[in-house]
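**Q** The structure that follows is given in the form of structure tokens.
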Amino acid sequence: MTDVFDVKNLVDSVSSLLKMGDKPIGLHQPSFRGNEWKYLKDCLDTGWVSSVGKYVDQFEQELAKFVGVKHAVAVVNGTAALHVCLLLSEVKANDEILVPALTFVATANAIKYCNAIPHFVDSDFKSLGVDPAKLGSYLESISDMRSDGCYNKKTGRRIRALLPVHTFGHPVDLEPLVEIAKRFKLILIEDAAESLGSLYKNHHTGTYGQVSATSFNGNKIMTTGGGGAVLTNDSSVAKLAKHMTTTAKLPHQWAFTHDRVGYNYRLPNINAALGCAQLEQLPHFIEQKRHLADAYRKTLSSIKGVQFFVEPEYARSNYWLNTLILNSSTFAERDLLLEAFHSKNIQARPAWQLMHTLSMYADCPRMDLTQAQQLELKIVNVPSSSFLRENDV
Ligand SMILES: *Cc1c(COP(=O)(O)O)cnc(C)c1O
């Protein structure tokens, strides 16, 4: 191990960078230092805590404005947002959806909720997301283009959509993926759950897909407690998203008529109130997190056997989760380092176990996943809360 990288030196450097003494340090903790109390008190004082209230509309408008998209539809969590994105894309049972093997399980689960089939694709070391060149040549070899779209020659099933993930907040290389989606008649849906505020060539992630999903879970860059949103520039898609996520009730003063099987996916007003307060601080969170990332990059540059992951040149990342890439390539070495971090009360974590190795997804179609497999062995995420080096900003 020590000839690959110096565990003690690495853990000590991170520990002193975080100036933590022996205090336990979480992977990603929220920060509530704005108008949270004020807006929450307003909800309680007025009684508007649940499915109706002014903060939902306000949050949706301000979120859309921040991201630079025409419409944001707030929902109960990011997984629900992904589910709705897939339904809006008219994904049918047995359609295949191209999705990275290296992602959080929610991305694959949302596909399964539609009785569709995840088709796992490889990631690259440049973005930690879908490798566009590799995907392009793979589709070239397996696709059979028909009048109603792209079919998988091997399985005979339709490939309906491409669902890339902006891993740990770092934008995937979107332009070539947009091009691939066009060429193979795939709907592009972005899983921007981790990348709120991250820019790809000066445009926000979440604005390239026909629809995109984001999350405001407690560990994301900003939180509503639990929550998510569907982002789109298409007004009719936004309208349908709102309708579907609010039980598909037809507007009427007293009658209860529903015109489809809808979902109760709406974000409660009290969560939206928290969201309004957090959104006001989001530019500051991003600034603080970029500063923290820079401190990691500088500190780690002198340490043998490990690299700090830096945003691709086309991107301005929110650095949601700071990422170390180890030179070693065994689980044993990676886990020794994780043990060492945890014994110092530093909550580091590995990447997610790759989707195709989970029992429920073991039979899904997949391409060669060599790079994702290497990334799984080499990724270690380190504490990334926005306030960790607040005294320097
Ligand atoms: C957090 C996350 C989700 C799901 O969001 P929830 O709000 O937790 O349901 C989906 N995809 C990715 C990549 C995530 O990190």
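Identifiers for the structure tokens are assigned positionally: chains receive A, B, ... in sequence, residues are indexed from 1 per chain, and ligands are indexed from 1 in the order shown.
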Near A:Pro171, within 7 Å and counting only C-alpha atoms, which residues show up once chain neighbours fewer than 5 positions away are dropped, as a PyMOL selection string?
**A** chain A and resi 127+166+198-200+205+315+317
**Q** Using DSSP on the backbone coordinates, identify all residues within stretch 54-118 of chain A classified as strand (DSSP E or B); present the result as a ChimeraX atom specification.
**A** /A:71-75,96-100,117-118
**Q** Could you name the residues that touch stretch 287-289 of chain A at 7 Å or less, counting only C-alpha atoms, but leaving out those on the same chain fewer than 6 positions away, as a tab-separated table (two decimals) with C-alpha atoms, in the first residue's frame?
**A**
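The new file out10.tsv reads:
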chain	number	residue	atom	x	y	z
A	318	ASN	CA	-20.40	23.32	-8.25
A	319	TYR	CA	-17.93	20.73	-6.81
A	386	SER	CA	-19.96	24.48	1.86
A	387	PHE	CA	-18.97	25.98	5.22
A	390	GLU	CA	-15.80	29.61	5.38
A	393	VAL	CA	-13.97	33.24	1.84
**Q** Can you pull out every residue with an atom within 6 Å of ligand 1? Use only C-alpha atoms and all ligand atoms and format it as a VMD selection string.
**A** chain A and resid 77 to 79 103 to 104 106 to 107 165 191 193 to 194 215 to 217 227 to 228
**Q** When DSSP works through the backbone of this structure, what residues of stretch 123-199 of chain A end up as helix (DSSP H, G or I), shown as a PDB file with N, CA, C and O atoms, in the first residue's frame?
**A**
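Everything below was put into out-v4.pdb:
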ATOM      1  N   PRO A 132     -18.752  10.056 -24.320  1.00  0.00           N
ATOM      2  CA  PRO A 132     -19.523  10.228 -25.553  1.00  0.00           C
ATOM      3  C   PRO A 132     -18.946   9.446 -26.738  1.00  0.00           C
ATOM      4  O   PRO A 132     -19.710   8.851 -27.496  1.00  0.00           O
ATOM      5  N   ALA A 133     -17.630   9.451 -26.882  1.00  0.00           N
ATOM      6  CA  ALA A 133     -17.028   8.783 -28.046  1.00  0.00           C
ATOM      7  C   ALA A 133     -17.302   7.282 -27.987  1.00  0.00           C
ATOM      8  O   ALA A 133     -17.691   6.654 -28.978  1.00  0.00           O
ATOM      9  N   LYS A 134     -17.131   6.724 -26.810  1.00  0.00           N
ATOM     10  CA  LYS A 134     -17.343   5.287 -26.649  1.00  0.00           C
ATOM     11  C   LYS A 134     -18.820   4.927 -26.862  1.00  0.00           C
ATOM     12  O   LYS A 134     -19.133   3.919 -27.489  1.00  0.00           O
ATOM     13  N   LEU A 135     -19.701   5.787 -26.372  1.00  0.00           N
ATOM     14  CA  LEU A 135     -21.136   5.537 -26.546  1.00  0.00           C
ATOM     15  C   LEU A 135     -21.517   5.607 -28.024  1.00  0.00           C
ATOM     16  O   LEU A 135     -22.266   4.761 -28.525  1.00  0.00           O
ATOM     17  N   GLY A 136     -20.960   6.620 -28.726  1.00  0.00           N
ATOM     18  CA  GLY A 136     -21.265   6.785 -30.145  1.00  0.00           C
ATOM     19  C   GLY A 136     -20.896   5.555 -30.952  1.00  0.00           C
ATOM     20  O   GLY A 136     -21.703   5.041 -31.729  1.00  0.00           O
ATOM     21  N   SER A 137     -19.680   5.034 -30.733  1.00  0.00           N
ATOM     22  CA  SER A 137     -19.298   3.873 -31.552  1.00  0.00           C
ATOM     23  C   SER A 137     -20.032   2.611 -31.109  1.00  0.00           C
ATOM     24  O   SER A 137     -20.323   1.741 -31.936  1.00  0.00           O
ATOM     25  N   TYR A 138     -20.377   2.540 -29.837  1.00  0.00           N
ATOM     26  CA  TYR A 138     -21.166   1.394 -29.370  1.00  0.00           C
ATOM     27  C   TYR A 138     -22.536   1.386 -30.049  1.00  0.00           C
ATOM     28  O   TYR A 138     -22.981   0.362 -30.586  1.00  0.00           O
ATOM     29  N   LEU A 139     -23.198   2.560 -30.051  1.00  0.00           N
ATOM     30  CA  LEU A 139     -24.535   2.629 -30.666  1.00  0.00           C
ATOM     31  C   LEU A 139     -24.456   2.325 -32.159  1.00  0.00           C
ATOM     32  O   LEU A 139     -25.340   1.667 -32.714  1.00  0.00           O
ATOM     33  N   GLU A 140     -23.374   2.806 -32.785  1.00  0.00           N
ATOM     34  CA  GLU A 140     -23.143   2.505 -34.203  1.00  0.00           C
ATOM     35  C   GLU A 140     -23.208   0.991 -34.428  1.00  0.00           C
ATOM     36  O   GLU A 140     -23.811   0.516 -35.384  1.00  0.00           O
ATOM     37  N   SER A 141     -22.604   0.240 -33.518  1.00  0.00           N
ATOM     38  CA  SER A 141     -22.505  -1.211 -33.716  1.00  0.00           C
ATOM     39  C   SER A 141     -23.765  -1.973 -33.303  1.00  0.00           C
ATOM     40  O   SER A 141     -24.042  -3.033 -33.842  1.00  0.00           O
ATOM     41  N   ILE A 142     -24.542  -1.453 -32.374  1.00  0.00           N
ATOM     42  CA  ILE A 142     -25.694  -2.264 -31.929  1.00  0.00           C
ATOM     43  C   ILE A 142     -27.041  -1.737 -32.422  1.00  0.00           C
ATOM     44  O   ILE A 142     -28.067  -2.393 -32.232  1.00  0.00           O
ATOM     45  N   THR A 167     -21.954  13.672 -12.579  1.00  0.00           N
ATOM     46  CA  THR A 167     -21.475  12.957 -11.398  1.00  0.00           C
ATOM     47  C   THR A 167     -20.761  13.878 -10.410  1.00  0.00           C
ATOM     48  O   THR A 167     -19.809  14.573 -10.786  1.00  0.00           O
ATOM     49  N   PHE A 168     -21.186  13.846  -9.175  1.00  0.00           N
ATOM     50  CA  PHE A 168     -20.638  14.661  -8.084  1.00  0.00           C
ATOM     51  C   PHE A 168     -20.667  16.163  -8.417  1.00  0.00           C
ATOM     52  O   PHE A 168     -19.902  16.944  -7.867  1.00  0.00           O
ATOM     53  N   GLY A 169     -21.559  16.532  -9.351  1.00  0.00           N
ATOM     54  CA  GLY A 169     -21.713  17.936  -9.721  1.00  0.00           C
ATOM     55  C   GLY A 169     -20.959  18.338 -10.969  1.00  0.00           C
ATOM     56  O   GLY A 169     -21.160  19.443 -11.484  1.00  0.00           O
ATOM     57  N   LEU A 174     -21.716  17.594 -22.659  1.00  0.00           N
ATOM     58  CA  LEU A 174     -23.089  17.584 -23.168  1.00  0.00           C
ATOM     59  C   LEU A 174     -23.195  17.697 -24.690  1.00  0.00           C
ATOM     60  O   LEU A 174     -24.028  17.025 -25.294  1.00  0.00           O
ATOM     61  N   GLU A 175     -22.371  18.546 -25.319  1.00  0.00           N
ATOM     62  CA  GLU A 175     -22.582  18.774 -26.758  1.00  0.00           C
ATOM     63  C   GLU A 175     -22.511  17.493 -27.578  1.00  0.00           C
ATOM     64  O   GLU A 175     -23.411  17.229 -28.373  1.00  0.00           O
ATOM     65  N   PRO A 176     -21.471  16.660 -27.409  1.00  0.00           N
ATOM     66  CA  PRO A 176     -21.475  15.403 -28.165  1.00  0.00           C
ATOM     67  C   PRO A 176     -22.638  14.480 -27.787  1.00  0.00           C
ATOM     68  O   PRO A 176     -23.109  13.723 -28.635  1.00  0.00           O
ATOM     69  N   LEU A 177     -23.117  14.575 -26.555  1.00  0.00           N
ATOM     70  CA  LEU A 177     -24.266  13.731 -26.175  1.00  0.00           C
ATOM     71  C   LEU A 177     -25.553  14.227 -26.835  1.00  0.00           C
ATOM     72  O   LEU A 177     -26.393  13.425 -27.259  1.00  0.00           O
ATOM     73  N   VAL A 178     -25.685  15.554 -26.959  1.00  0.00           N
ATOM     74  CA  VAL A 178     -26.830  16.116 -27.688  1.00  0.00           C
ATOM     75  C   VAL A 178     -26.793  15.616 -29.132  1.00  0.00           C
ATOM     76  O   VAL A 178     -27.813  15.211 -29.698  1.00  0.00           O
ATOM     77  N   GLU A 179     -25.596  15.591 -29.689  1.00  0.00           N
ATOM     78  CA  GLU A 179     -25.417  15.158 -31.081  1.00  0.00           C
ATOM     79  C   GLU A 179     -25.774  13.670 -31.228  1.00  0.00           C
ATOM     80  O   GLU A 179     -26.467  13.275 -32.173  1.00  0.00           O
ATOM     81  N   ILE A 180     -25.330  12.855 -30.289  1.00  0.00           N
ATOM     82  CA  ILE A 180     -25.646  11.419 -30.321  1.00  0.00           C
ATOM     83  C   ILE A 180     -27.159  11.208 -30.191  1.00  0.00           C
ATOM     84  O   ILE A 180     -27.759  10.391 -30.900  1.00  0.00           O
ATOM     85  N   ALA A 181     -27.778  11.967 -29.295  1.00  0.00           N
ATOM     86  CA  ALA A 181     -29.225  11.839 -29.107  1.00  0.00           C
ATOM     87  C   ALA A 181     -29.956  12.148 -30.412  1.00  0.00           C
ATOM     88  O   ALA A 181     -30.886  11.449 -30.806  1.00  0.00           O
ATOM     89  N   LYS A 182     -29.490  13.183 -31.116  1.00  0.00           N
ATOM     90  CA  LYS A 182     -30.101  13.549 -32.402  1.00  0.00           C
ATOM     91  C   LYS A 182     -29.909  12.437 -33.424  1.00  0.00           C
ATOM     92  O   LYS A 182     -30.837  11.994 -34.078  1.00  0.00           O
ATOM     93  N   ARG A 183     -28.655  11.992 -33.532  1.00  0.00           N
ATOM     94  CA  ARG A 183     -28.300  11.009 -34.555  1.00  0.00           C
ATOM     95  C   ARG A 183     -29.073   9.706 -34.364  1.00  0.00           C
ATOM     96  O   ARG A 183     -29.502   9.090 -35.320  1.00  0.00           O
TER      97      ARG A 183
END
**Q** For A:Asp363, find every residue with an atom within 10 Å (counting only C-alpha atoms), except residues of its own chain fewer than 6 positions away, and show them as a PDB file with all heavy atoms, in the first residue's frame.
**A**
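Output file out_29.pdb is given in full below:
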ATOM      1  N   ILE A 117     -36.100  -0.580 -19.144  1.00  0.00           N
ATOM      2  CA  ILE A 117     -34.914  -1.372 -18.823  1.00  0.00           C
ATOM      3  C   ILE A 117     -33.655  -0.507 -18.900  1.00  0.00           C
ATOM      4  O   ILE A 117     -33.354   0.057 -19.962  1.00  0.00           O
ATOM      5  CB  ILE A 117     -34.819  -2.557 -19.813  1.00  0.00           C
ATOM      6  CG1 ILE A 117     -36.043  -3.458 -19.589  1.00  0.00           C
ATOM      7  CG2 ILE A 117     -33.517  -3.333 -19.660  1.00  0.00           C
ATOM      8  CD1 ILE A 117     -36.316  -4.427 -20.687  1.00  0.00           C
ATOM      9  N   PRO A 118     -32.932  -0.384 -17.799  1.00  0.00           N
ATOM     10  CA  PRO A 118     -31.667   0.364 -17.860  1.00  0.00           C
ATOM     11  C   PRO A 118     -30.674  -0.374 -18.757  1.00  0.00           C
ATOM     12  O   PRO A 118     -30.588  -1.606 -18.692  1.00  0.00           O
ATOM     13  CB  PRO A 118     -31.170   0.357 -16.406  1.00  0.00           C
ATOM     14  CG  PRO A 118     -32.294  -0.142 -15.575  1.00  0.00           C
ATOM     15  CD  PRO A 118     -33.199  -0.938 -16.456  1.00  0.00           C
ATOM     16  N   HIS A 119     -29.994   0.371 -19.590  1.00  0.00           N
ATOM     17  CA  HIS A 119     -28.952  -0.186 -20.457  1.00  0.00           C
ATOM     18  C   HIS A 119     -27.678   0.571 -20.083  1.00  0.00           C
ATOM     19  O   HIS A 119     -27.578   1.767 -20.345  1.00  0.00           O
ATOM     20  CB  HIS A 119     -29.355   0.019 -21.926  1.00  0.00           C
ATOM     21  CG  HIS A 119     -28.422  -0.586 -22.910  1.00  0.00           C
ATOM     22  ND1 HIS A 119     -28.841  -1.034 -24.153  1.00  0.00           N
ATOM     23  CD2 HIS A 119     -27.086  -0.826 -22.874  1.00  0.00           C
ATOM     24  CE1 HIS A 119     -27.796  -1.515 -24.822  1.00  0.00           C
ATOM     25  NE2 HIS A 119     -26.720  -1.387 -24.063  1.00  0.00           N
ATOM     26  N   HIS A 356     -24.748  -2.480 -12.528  1.00  0.00           N
ATOM     27  CA  HIS A 356     -24.935  -3.816 -13.117  1.00  0.00           C
ATOM     28  C   HIS A 356     -24.490  -4.920 -12.159  1.00  0.00           C
ATOM     29  O   HIS A 356     -24.737  -6.089 -12.422  1.00  0.00           O
ATOM     30  CB  HIS A 356     -24.176  -3.929 -14.433  1.00  0.00           C
ATOM     31  CG  HIS A 356     -22.687  -3.960 -14.268  1.00  0.00           C
ATOM     32  ND1 HIS A 356     -21.961  -2.848 -13.906  1.00  0.00           N
ATOM     33  CD2 HIS A 356     -21.792  -4.970 -14.394  1.00  0.00           C
ATOM     34  CE1 HIS A 356     -20.683  -3.182 -13.814  1.00  0.00           C
ATOM     35  NE2 HIS A 356     -20.559  -4.461 -14.108  1.00  0.00           N
ATOM     36  N   THR A 357     -23.853  -4.537 -11.028  1.00  0.00           N
ATOM     37  CA  THR A 357     -23.455  -5.558 -10.051  1.00  0.00           C
ATOM     38  C   THR A 357     -24.487  -5.687  -8.926  1.00  0.00           C
ATOM     39  O   THR A 357     -24.317  -6.501  -8.037  1.00  0.00           O
ATOM     40  CB  THR A 357     -22.066  -5.239  -9.439  1.00  0.00           C
ATOM     41  OG1 THR A 357     -22.185  -4.057  -8.630  1.00  0.00           O
ATOM     42  CG2 THR A 357     -21.018  -5.008 -10.518  1.00  0.00           C
TER      43      THR A 357
END
**Q** Just checking: using only C-alpha atoms, which residue out of A:Glu90, A:Asp259, A:Asp368, A:Asp148 ends up closest to A:Thr247?
**A**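 Between A:Glu90, A:Asp259, A:Asp368, A:Asp148, the residue approaching A:Thr247 most closely is A:Asp259.
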**Q** So that I can check the surroundings of A:Ala277, please list as a ChimeraX atom specification every protein, DNA and RNA residue that reaches within 7 Å of it, counting only C-alpha atoms and ignoring chain neighbours fewer than 4 positions away.
**A** /A:34-36,273
**Q** Take the selection from the previous step and output its residues with C-alpha atoms, as a tab-separated table (two decimals), in the first residue's frame.
**A**
chain	number	residue	atom	x	y	z
A	34	GLY	CA	-30.34	32.90	5.67
A	35	ASN	CA	-34.08	33.43	5.79
A	36	GLU	CA	-34.96	29.83	6.67
A	273	ALA	CA	-40.22	27.90	1.89
**Q** Quick check, in Å to one decimal: how far apart do atom CA of A:Ala293 and atom CA of A:Gln281 lie?
**A**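 We find that atom CA of A:Ala293 and atom CA of A:Gln281 lie 18.3 Å from each other.
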**Q** Could you check the closest approach to A:Gln353 for each of A:Glu280, A:Gly26, A:Val211, A:Val105 and tell me which residue wins, using only C-alpha atoms?
**A**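 Using only C-alpha atoms, A:Gln353 sits closest to A:Val105.
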**Q** Tell me, as a list in words, which residues lie within 8 Å of A:Cys85, counting only C-alpha atoms; anything in the same chain fewer than 3 positions away does not count.
**A** Ala81, Leu82, Leu88, Ser89, Ile189, Val211, Ser212, Ala213 and Val230 of chain A
